[in-house]
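Below: entry-v4.tsv (TSV, C-alpha atoms)
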chain	number	residue	atom	x	y	z
A	1	LEU	CA	37.46	10.95	-165.18
A	2	LYS	CA	40.49	10.23	-167.34
A	3	GLY	CA	42.76	11.55	-164.61
A	4	LEU	CA	41.12	9.30	-162.03
A	5	GLY	CA	41.25	6.14	-164.14
A	6	GLN	CA	43.50	4.34	-161.65
A	7	TYR	CA	40.77	4.56	-159.00
A	8	LEU	CA	37.83	3.50	-161.16
A	9	ARG	CA	36.64	-0.11	-161.29
A	10	PHE	CA	33.10	0.37	-162.56
A	11	LEU	CA	31.46	3.45	-164.04
A	12	PHE	CA	27.86	3.82	-165.20
A	13	ILE	CA	26.85	7.04	-166.99
A	14	THR	CA	23.23	7.78	-167.82
A	15	GLY	CA	21.09	10.76	-168.78
A	16	ILE	CA	23.41	12.04	-171.52
A	17	SER	CA	23.64	11.97	-175.32
A	18	LYS	CA	26.27	9.75	-176.87
A	19	PHE	CA	29.59	11.60	-177.09
A	20	SER	CA	32.65	11.14	-179.27
A	21	GLN	CA	35.81	9.67	-177.79
A	22	LEU	CA	38.58	12.15	-178.46
A	23	SER	CA	41.72	10.01	-178.60
A	24	ILE	CA	42.64	6.39	-179.19
A	25	PHE	CA	44.83	6.67	-176.10
A	26	SER	CA	41.96	7.81	-173.85
A	27	GLU	CA	40.95	5.56	-170.95
A	28	LEU	CA	37.34	6.41	-171.85
A	29	ASN	CA	37.71	4.28	-174.97
A	30	ASN	CA	36.99	1.35	-172.69
A	31	LEU	CA	33.37	2.49	-172.34
A	32	GLN	CA	30.65	0.30	-173.81
A	33	ASN	CA	27.51	1.96	-175.15
A	34	ILE	CA	24.62	-0.15	-173.80
A	35	SER	CA	21.90	2.38	-174.69
A	36	MET	CA	20.05	0.12	-177.15
A	37	ARG	CA	21.04	-3.38	-176.06
A	38	ASP	CA	18.26	-5.83	-175.22
A	39	ASP	CA	20.06	-7.30	-172.20
A	40	PHE	CA	20.20	-3.88	-170.50
A	41	SER	CA	16.97	-2.36	-171.83
A	42	ALA	CA	14.96	-2.85	-168.61
A	43	LEU	CA	17.70	-1.65	-166.27
A	44	CYS	CA	16.26	1.76	-165.41
A	45	GLY	CA	12.49	1.27	-165.49
A	46	ILE	CA	9.63	-0.86	-164.19
A	47	THR	CA	8.70	-3.83	-166.37
A	48	GLU	CA	5.13	-5.06	-166.67
A	49	GLU	CA	6.12	-8.27	-164.89
A	50	GLU	CA	7.52	-6.29	-161.95
A	51	LEU	CA	4.39	-4.15	-161.85
A	52	LEU	CA	1.97	-7.09	-161.79
A	53	THR	CA	3.93	-9.09	-159.19
A	54	GLN	CA	5.93	-6.88	-156.83
A	55	LEU	CA	3.60	-3.88	-157.07
A	56	LYS	CA	0.28	-5.75	-157.08
A	57	PRO	CA	-0.81	-4.34	-153.65
A	58	ASP	CA	-0.30	-0.81	-155.00
A	59	ILE	CA	-2.50	-1.58	-158.01
A	60	GLU	CA	-5.21	-2.93	-155.71
A	61	ARG	CA	-5.16	0.25	-153.61
A	62	MET	CA	-5.22	2.34	-156.81
A	63	ALA	CA	-8.24	0.42	-158.08
A	64	GLU	CA	-10.13	0.84	-154.81
A	65	ALA	CA	-9.44	4.59	-154.64
A	66	ASN	CA	-10.71	5.11	-158.22
A	67	ASP	CA	-13.71	2.78	-158.02
A	68	GLU	CA	-12.21	0.39	-160.58
A	69	THR	CA	-11.68	-3.33	-160.79
A	70	TYR	CA	-8.11	-4.61	-160.55
A	71	GLU	CA	-8.15	-5.36	-164.30
A	72	GLU	CA	-9.42	-1.86	-165.13
A	73	ALA	CA	-6.67	-0.28	-163.02
A	74	CYS	CA	-4.04	-2.37	-164.83
A	75	LEU	CA	-5.33	-1.18	-168.21
A	76	HIS	CA	-5.49	2.42	-166.98
A	77	LEU	CA	-1.88	2.31	-165.75
A	78	LYS	CA	-0.72	0.69	-168.98
A	79	ARG	CA	-2.45	3.25	-171.17
A	80	GLN	CA	-1.14	6.16	-169.11
A	81	TYR	CA	2.42	5.19	-168.14
A	82	ASP	CA	3.57	2.13	-170.13
A	83	GLY	CA	4.99	1.87	-173.64
A	84	TYR	CA	8.70	2.72	-173.39
A	85	HIS	CA	11.12	0.54	-175.37
A	86	PHE	CA	14.85	1.14	-175.52
A	87	SER	CA	16.03	-1.62	-177.86
A	88	LYS	CA	14.84	-3.81	-180.70
A	89	ALA	CA	13.23	-6.46	-178.46
A	90	CYS	CA	12.77	-4.55	-175.21
A	91	ALA	CA	10.11	-5.56	-172.70
A	92	ASP	CA	7.38	-3.03	-171.93
A	93	ILE	CA	8.75	-0.38	-169.56
A	94	TYR	CA	6.65	1.87	-167.32
A	95	ASN	CA	7.75	5.36	-166.35
A	96	PRO	CA	8.82	4.87	-162.70
A	97	PHE	CA	8.49	8.55	-161.78
A	98	SER	CA	4.88	8.74	-162.95
A	99	LEU	CA	3.98	5.28	-161.68
A	100	PHE	CA	5.14	5.90	-158.11
A	101	ASN	CA	3.58	9.35	-158.00
A	102	ALA	CA	0.30	7.84	-159.17
A	103	PHE	CA	0.46	5.20	-156.45
A	104	ASN	CA	1.31	7.83	-153.86
A	105	SER	CA	-1.58	10.16	-154.74
A	106	LYS	CA	-3.89	7.40	-156.07
A	107	GLU	CA	-4.70	9.56	-159.10
A	108	TYR	CA	-3.97	9.17	-162.81
A	109	LYS	CA	-2.25	12.45	-163.64
A	110	ASN	CA	0.49	13.55	-166.03
A	111	TYR	CA	3.28	13.58	-163.43
A	112	TRP	CA	6.36	13.30	-165.63
A	113	PHE	CA	5.20	15.86	-168.15
A	114	SER	CA	4.33	18.38	-165.44
A	115	THR	CA	8.02	18.58	-164.46
A	116	GLY	CA	8.71	20.94	-167.38
A	117	THR	CA	7.43	22.38	-170.65
A	118	PRO	CA	9.37	21.24	-173.76
A	119	THR	CA	9.70	24.75	-175.23
A	120	PHE	CA	13.03	23.93	-176.87
A	121	LEU	CA	11.58	20.89	-178.65
A	122	ILE	CA	8.51	22.81	-179.81
A	123	ASP	CA	10.77	25.51	-181.27
A	124	ILE	CA	12.74	22.84	-183.14
A	125	LEU	CA	9.56	21.36	-184.62
A	126	ARG	CA	8.24	24.74	-185.71
A	127	HIS	CA	11.58	25.86	-187.16
A	128	ALA	CA	11.95	22.60	-189.12
A	129	ASP	CA	8.34	22.87	-190.36
A	130	PHE	CA	7.90	19.30	-189.14
A	131	ASP	CA	4.46	17.71	-189.57
A	132	VAL	CA	3.60	16.91	-185.93
A	133	ARG	CA	0.93	14.44	-187.07
A	134	ALA	CA	3.80	12.15	-188.05
A	135	LEU	CA	4.79	11.73	-184.39
A	136	GLU	CA	2.01	9.13	-184.04
A	137	GLY	CA	4.38	6.80	-185.90
A	138	VAL	CA	7.56	7.82	-187.73
A	139	GLU	CA	10.35	5.72	-189.22
A	140	ALA	CA	13.95	6.63	-188.45
A	141	THR	CA	17.51	5.44	-188.93
A	142	ASP	CA	20.71	7.19	-187.80
A	143	GLU	CA	19.65	10.78	-188.54
A	144	GLN	CA	21.54	14.01	-188.20
A	145	ILE	CA	21.07	15.97	-185.00
A	146	THR	CA	19.40	18.74	-187.02
A	147	SER	CA	16.36	16.48	-187.33
A	148	PRO	CA	13.95	16.77	-184.40
A	149	ILE	CA	13.47	12.99	-184.25
A	150	PRO	CA	16.69	12.02	-182.37
A	151	VAL	CA	16.17	14.84	-179.87
A	152	LEU	CA	12.56	13.78	-179.24
A	153	TYR	CA	13.71	10.18	-178.73
A	154	GLN	CA	16.58	11.05	-176.40
A	155	SER	CA	14.35	13.29	-174.28
A	156	GLY	CA	11.64	10.63	-173.86
A	157	TYR	CA	8.86	12.08	-176.00
A	158	LEU	CA	9.22	9.31	-178.58
A	159	THR	CA	10.16	5.69	-178.02
A	160	ILE	CA	10.77	2.56	-180.11
A	161	LYS	CA	7.55	0.84	-181.21
A	162	GLY	CA	8.97	-1.49	-183.83
A	163	TYR	CA	12.09	-2.47	-185.76
A	164	ASP	CA	12.49	-3.67	-189.35
A	165	ARG	CA	15.58	-5.90	-189.39
A	166	ASN	CA	15.66	-6.11	-193.18
A	167	PHE	CA	16.07	-2.36	-193.62
A	168	GLN	CA	17.42	-1.54	-190.12
A	169	ILE	CA	14.69	1.04	-189.59
A	170	TYR	CA	13.06	1.89	-186.24
A	171	ARG	CA	9.43	2.93	-185.90
A	172	LEU	CA	9.08	5.62	-183.24
A	173	ALA	CA	5.93	7.03	-181.62
A	174	TYR	CA	4.63	8.52	-178.39
A	175	PRO	CA	5.16	5.99	-175.58
A	176	ASN	CA	1.79	6.45	-173.86
A	177	GLY	CA	-1.21	8.66	-173.16
A	178	GLU	CA	0.59	10.80	-170.61
A	179	VAL	CA	3.28	11.91	-173.05
A	180	ARG	CA	0.96	12.31	-176.04
A	181	LYS	CA	-1.56	14.47	-174.18
A	182	GLY	CA	1.08	16.56	-172.42
A	183	PHE	CA	3.08	17.20	-175.56
A	184	ILE	CA	0.03	18.10	-177.65
A	185	GLU	CA	-1.22	20.44	-174.90
A	186	SER	CA	2.13	22.21	-175.16
A	187	LEU	CA	2.11	22.27	-178.96
A	188	LEU	CA	-1.39	23.67	-179.54
A	189	PRO	CA	-0.83	27.19	-178.09
A	190	SER	CA	2.09	27.70	-180.48
A	191	TYR	CA	-0.24	27.04	-183.44
A	192	VAL	CA	-3.33	28.97	-182.33
A	193	HIS	CA	-1.77	31.70	-180.14
A	194	LEU	CA	-4.47	31.17	-177.51
A	195	PRO	CA	-4.03	30.47	-173.77
A	196	ALA	CA	-3.81	26.76	-172.95
A	197	GLN	CA	-6.83	26.91	-170.60
A	198	ASN	CA	-9.02	28.08	-173.52
A	199	ASN	CA	-8.01	25.04	-175.54
A	200	THR	CA	-8.75	22.66	-172.66
A	201	PHE	CA	-12.21	24.18	-172.19
A	202	TYR	CA	-13.07	23.66	-175.87
A	203	VAL	CA	-11.82	20.07	-175.91
A	204	VAL	CA	-13.85	19.09	-172.84
A	205	SER	CA	-16.91	20.76	-174.34
A	206	PHE	CA	-16.44	18.95	-177.68
A	207	LEU	CA	-16.26	15.59	-175.96
A	208	ARG	CA	-19.31	16.25	-173.78
A	209	ASP	CA	-21.32	17.22	-176.87
A	210	LEU	CA	-20.36	14.02	-178.67
A	211	MET	CA	-21.12	11.89	-175.62
A	212	LYS	CA	-24.62	13.43	-175.63
A	213	GLY	CA	-24.93	12.80	-179.37
A	214	ASP	CA	-25.13	16.52	-180.09
A	215	VAL	CA	-22.91	16.73	-183.17
A	216	GLU	CA	-24.34	20.09	-184.23
A	217	SER	CA	-23.27	21.71	-180.95
A	218	CYS	CA	-19.80	20.13	-181.21
A	219	LEU	CA	-19.30	21.57	-184.68
A	220	GLU	CA	-20.63	25.00	-183.64
A	221	ARG	CA	-18.04	25.02	-180.85
A	222	THR	CA	-15.35	24.02	-183.35
A	223	ARG	CA	-16.41	26.89	-185.59
A	224	SER	CA	-16.22	29.31	-182.64
A	225	PHE	CA	-12.80	27.97	-181.68
A	226	PHE	CA	-11.30	28.64	-185.11
A	227	ALA	CA	-13.00	32.03	-185.30
A	228	SER	CA	-11.26	32.98	-182.03
A	229	ILE	CA	-7.78	32.35	-183.43
A	230	PRO	CA	-5.98	35.67	-184.11
A	231	ASN	CA	-6.04	36.77	-187.76
A	232	ASP	CA	-2.37	37.75	-187.79
A	233	LEU	CA	-1.01	34.20	-187.79
A	234	GLU	CA	2.05	33.97	-190.01
A	235	ASN	CA	1.12	30.55	-191.37
A	236	LYS	CA	-2.32	30.27	-192.96
A	237	THR	CA	-1.72	27.26	-195.18
A	238	GLU	CA	-3.95	24.20	-195.45
A	239	LYS	CA	-1.34	22.11	-193.63
A	240	HIS	CA	-1.35	24.57	-190.72
A	241	TYR	CA	-5.10	24.31	-190.21
A	242	GLN	CA	-5.03	20.54	-190.69
A	243	THR	CA	-2.47	20.40	-187.89
A	244	ILE	CA	-4.73	22.47	-185.62
A	245	PHE	CA	-7.64	20.11	-186.32
A	246	TYR	CA	-5.41	17.17	-185.49
A	247	LEU	CA	-4.08	18.67	-182.24
A	248	LEU	CA	-7.51	19.80	-181.11
A	249	PHE	CA	-9.20	16.44	-181.57
A	250	ARG	CA	-6.19	14.43	-180.37
A	251	LEU	CA	-6.51	16.12	-176.98
A	252	MET	CA	-9.66	14.05	-176.43
A	253	GLY	CA	-7.24	11.30	-175.48
A	254	GLN	CA	-8.15	7.63	-175.75
A	255	TYR	CA	-11.46	8.41	-177.47
A	256	VAL	CA	-9.89	9.73	-180.65
A	257	GLU	CA	-7.76	8.30	-183.43
A	258	SER	CA	-6.35	10.57	-186.13
A	259	GLU	CA	-5.62	9.68	-189.75
A	260	VAL	CA	-6.92	6.14	-189.27
A	261	LYS	CA	-5.92	3.76	-192.05
A	262	SER	CA	-8.53	1.82	-194.02
A	263	SER	CA	-7.90	-0.53	-196.92
A	264	VAL	CA	-7.72	2.36	-199.40
A	265	GLY	CA	-7.05	5.54	-197.42
A	266	ARG	CA	-6.92	7.44	-194.13
A	267	ALA	CA	-9.83	8.97	-192.22
A	268	ASP	CA	-9.02	12.38	-190.75
A	269	VAL	CA	-10.53	11.76	-187.30
A	270	VAL	CA	-12.39	8.86	-185.67
A	271	VAL	CA	-14.02	9.38	-182.26
A	272	GLN	CA	-14.94	6.07	-180.60
A	273	LEU	CA	-17.42	6.16	-177.71
A	274	GLN	CA	-19.18	3.33	-175.90
A	275	ASP	CA	-22.24	3.18	-178.18
A	276	VAL	CA	-21.34	5.30	-181.20
A	277	VAL	CA	-18.43	5.95	-183.57
A	278	TYR	CA	-18.02	9.34	-185.30
A	279	VAL	CA	-16.02	9.39	-188.55
A	280	PHE	CA	-14.90	12.91	-189.52
A	281	GLU	CA	-13.52	14.04	-192.86
A	282	PHE	CA	-12.41	17.65	-193.37
A	283	LYS	CA	-12.15	19.44	-196.73
A	284	TYR	CA	-10.19	22.66	-197.18
A	285	ASP	CA	-12.19	24.96	-199.48
A	286	GLY	CA	-14.27	22.01	-200.60
A	287	THR	CA	-17.82	20.96	-199.71
A	288	PRO	CA	-19.32	18.78	-196.96
A	289	GLU	CA	-20.75	16.57	-199.71
A	290	GLU	CA	-17.25	15.94	-201.08
A	291	ALA	CA	-16.06	15.02	-197.60
A	292	LEU	CA	-18.93	12.53	-197.12
A	293	ALA	CA	-18.31	11.08	-200.56
A	294	GLN	CA	-14.68	10.45	-199.59
A	295	ILE	CA	-15.75	8.63	-196.40
A	296	ASP	CA	-17.87	6.33	-198.58
A	297	SER	CA	-15.46	5.87	-201.47
A	298	LYS	CA	-12.50	5.14	-199.16
A	299	GLN	CA	-14.62	2.89	-196.89
A	300	TYR	CA	-13.56	4.69	-193.70
A	301	ALA	CA	-16.67	3.58	-191.78
A	302	ILE	CA	-16.61	-0.12	-192.68
A	303	PRO	CA	-14.20	-1.30	-189.90
A	304	TYR	CA	-16.62	-0.05	-187.21
A	305	ARG	CA	-19.89	-1.59	-188.43
A	306	ALA	CA	-19.32	-5.08	-187.05
A	307	ASP	CA	-19.23	-4.33	-183.31
A	308	GLY	CA	-22.86	-3.16	-182.99
A	309	ARG	CA	-22.19	0.53	-182.38
A	310	ARG	CA	-23.88	3.26	-184.40
A	311	VAL	CA	-21.58	4.83	-186.98
A	312	VAL	CA	-22.09	8.51	-187.83
A	313	LYS	CA	-20.33	10.09	-190.81
A	314	ILE	CA	-19.53	13.80	-190.69
A	315	GLY	CA	-18.28	15.80	-193.66
A	316	VAL	CA	-16.88	19.23	-192.81
A	317	ASN	CA	-15.71	22.10	-195.01
A	318	PHE	CA	-13.06	24.56	-193.82
A	319	ASP	CA	-13.35	27.98	-195.46
A	320	SER	CA	-9.96	29.66	-195.92
A	321	SER	CA	-11.53	33.08	-196.49
A	322	THR	CA	-13.20	33.12	-193.07
A	323	ARG	CA	-10.54	30.84	-191.48
A	324	THR	CA	-13.14	28.67	-189.77
A	325	ILE	CA	-15.66	25.93	-190.52
A	326	GLY	CA	-17.94	26.90	-193.37
A	327	GLY	CA	-20.47	24.08	-193.27
A	328	TRP	CA	-21.01	20.41	-192.51
A	329	LYS	CA	-23.23	17.47	-193.29
A	330	ILE	CA	-24.08	14.54	-191.03
A	331	ALA	CA	-25.17	11.08	-192.20
A	332	LYS	CA	-25.57	7.65	-190.62
A	333	ALA	CA	-23.54	4.82	-192.08
A	334	ASP	CA	-25.51	2.40	-194.26
Using the file provided, produce a representation of the structure as structure tokens.
Amino acid sequence: LKGLGQYLRFLFITGISKFSQLSIFSELNNLQNISMRDDFSALCGITEEELLTQLKPDIERMAEANDETYEEACLHLKRQYDGYHFSKACADIYNPFSLFNAFNSKEYKNYWFSTGTPTFLIDILRHADFDVRALEGVEATDEQITSPIPVLYQSGYLTIKGYDRNFQIYRLAYPNGEVRKGFIESLLPSYVHLPAQNNTFYVVSFLRDLMKGDVESCLERTRSFFASIPNDLENKTEKHYQTIFYLLFRLMGQYVESEVKSSVGRADVVVQLQDVVYVFEFKYDGTPEEALAQIDSKQYAIPYRADGRRVVKIGVNFDSSTRTIGGWKIAKAD
């Protein structure tokens, strides 16, 4: 490019990491880095305004094909493909690849994630002993490349969800349901050493049990799942098993929130269904009673009492000697 400078009038480079300019005499010093500027942040995606105006007929056809209202289809598309932000005050950006594939097939699938498995990124996370639960919302500044955070951001698995101007800190998280589900599906086999299809079967079964109100069956399946994990895992720490619990339940998608904040603490898992909310607390080599007591003392169930749904509290003990669930106790919220 430097040798062809006399022929260039405008050059736009995308899809690369920022590179260093090698010489003050280089023609490439005239480049401007627009990666995180608000005025260019919507250049390469579909904004919500564009979706709701220029692509409205596509949404209507999508809604009809999936037996949804127009409003339901809009929410479905937003949950699945929206959420990208590339600057401090960027408008909501939808993934154009996934959006147009969804319109073409009239199905809500994980199109972008299916283009490749992020093996390299998973290896980085495991090698750095990074707590993958933090990817739901992590703060970052200008970090070294050895951290997995910049790589996850540059490759599209994390995006900007907030910016603190006082401290110049970005809050990063998964952009949407498509990326979260796809990435977690890729992560789980590296923690449990089981085929991905086995994990999917268990997750679907867990959710069906909870939708039927059969908590006992759900927990029996969870016990069987952990019992099926090979005994020769290198990492058998509490954090490792907490991560497996998190990944397993997070695969339930929009029904599940993990480590939900209350006024005085964080619930391990909250499963929200149409008529019932399940609040889970897991104890490692503790007792189910201790787990239930923590739900009460930290007031994890209180935020869900006002909307009329039943609230069920579930305390679960994980036994390190057997490497699976030891026991549980179920109680209705007062």
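Each of A:His127, A:Lys109, A:Arg310, A:His85 was checked against Gln154 of chain A using all atoms listed in the file; the smallest atom-to-atom distance is that of A:His85.
What separates atom CA of Tyr174 of chain A from atom CA of Thr159 of chain A is a distance of 6.2 Å.
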- What lies within 10 Å of Phe97 of chain A using only C-alpha atoms, ignoring chain neighbours under 3 positions off, as an NGL selection string? :A and (45-46 or 81 or 94 or 100-102 or 111-112)
Quick one: write out the picked residues with C-alpha atoms as a CSV table (one decimal), in the frame of the given file?
chain,number,residue,atom,x,y,z
A,45,GLY,CA,12.5,1.3,-165.5
A,46,ILE,CA,9.6,-0.9,-164.2
A,81,TYR,CA,2.4,5.2,-168.1
A,94,TYR,CA,6.6,1.9,-167.3
A,100,PHE,CA,5.1,5.9,-158.1
A,101,ASN,CA,3.6,9.4,-158.0
A,102,ALA,CA,0.3,7.8,-159.2
A,111,TYR,CA,3.3,13.6,-163.4
A,112,TRP,CA,6.4,13.3,-165.6
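Checking A:Arg180, A:Arg208, A:His193, A:Arg126 one by one against Phe113 of chain A, counting all atoms listed in the file, you find the shortest gap at A:Arg180.
Minimum atom-to-atom distance to Tyr170 of chain A, evaluated using only C-alpha atoms, belongs to A:Ser87 out of A:Thr119, A:Ser147, A:Ser228, A:Ser87.
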- Message: So that I can see what lies close to segment 55-65 of chain A, please list as a count of residues only the residues with an atom at most 12 Å from it, counting all atoms listed in the file and leaving out residues fewer than 5 positions away in the same chain.
- Response: 25
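Of the residues listed (A:Val311, A:Ala173, A:Val279, A:Ala134), A:Ala173 shows the shortest atom-to-atom separation from Tyr153 of chain A; distances use all atoms listed in the file.
Nearest to Arg79 of chain A of all the residues A:Leu158, A:Lys181, A:Leu11, A:Leu152 is A:Lys181, based on all atoms listed in the file.
Distances here use only C-alpha atoms; by that measure, the residue among A:Ile229, A:Val256, A:Ala301, A:Ile160 closest to Thr324 of chain A is A:Ile229.
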- Using only C-alpha atoms, determine which residues lie at most 10 Å from Gln294 of chain A, disregarding the query and same-chain residues fewer than 2 positions distant; provide the list as an MDAnalysis selection string. chainID A and resid 265:267 281:283 288:292 296:300 315
- Item | Close residues, Ala227 of chain A itself excluded, 9 Å, only C-alpha atoms, min 3 positions apart in chain, as a list of chain:residue names | A:Thr222, A:Arg223, A:Ser224, A:Pro230, A:Asn231, A:Thr322, A:Arg323, A:Thr324, A:Ile325
- State, in Å with one decimal place, the distance from atom CA of Phe12 of chain A to atom CA of Cys44 of chain A. 11.8 Å
- Within 12 Å of Val215 of chain A, counting all atoms listed in the file, which residues show up once you throw out same-chain ones fewer than 6 positions away? Write them as an MDAnalysis selection string, please. chainID A and resid 205:209 221:222 271 276:280 312:316 328:331
Could you give me the centre and size, in Å to one decimal, of an axis-aligned box around all listed atoms of segment 208-221 of chain A with 5 Å added on every side, as JSON?
{"center_x": -21.6, "center_y": 18.5, "center_z": -179.2, "size_x": 17.1, "size_y": 23.1, "size_z": 20.9}
- Enter the distance from atom CA of Lys2 of chain A to atom CA of Asp39 of chain A, in Å, rounded to one decimal. 27.4 Å
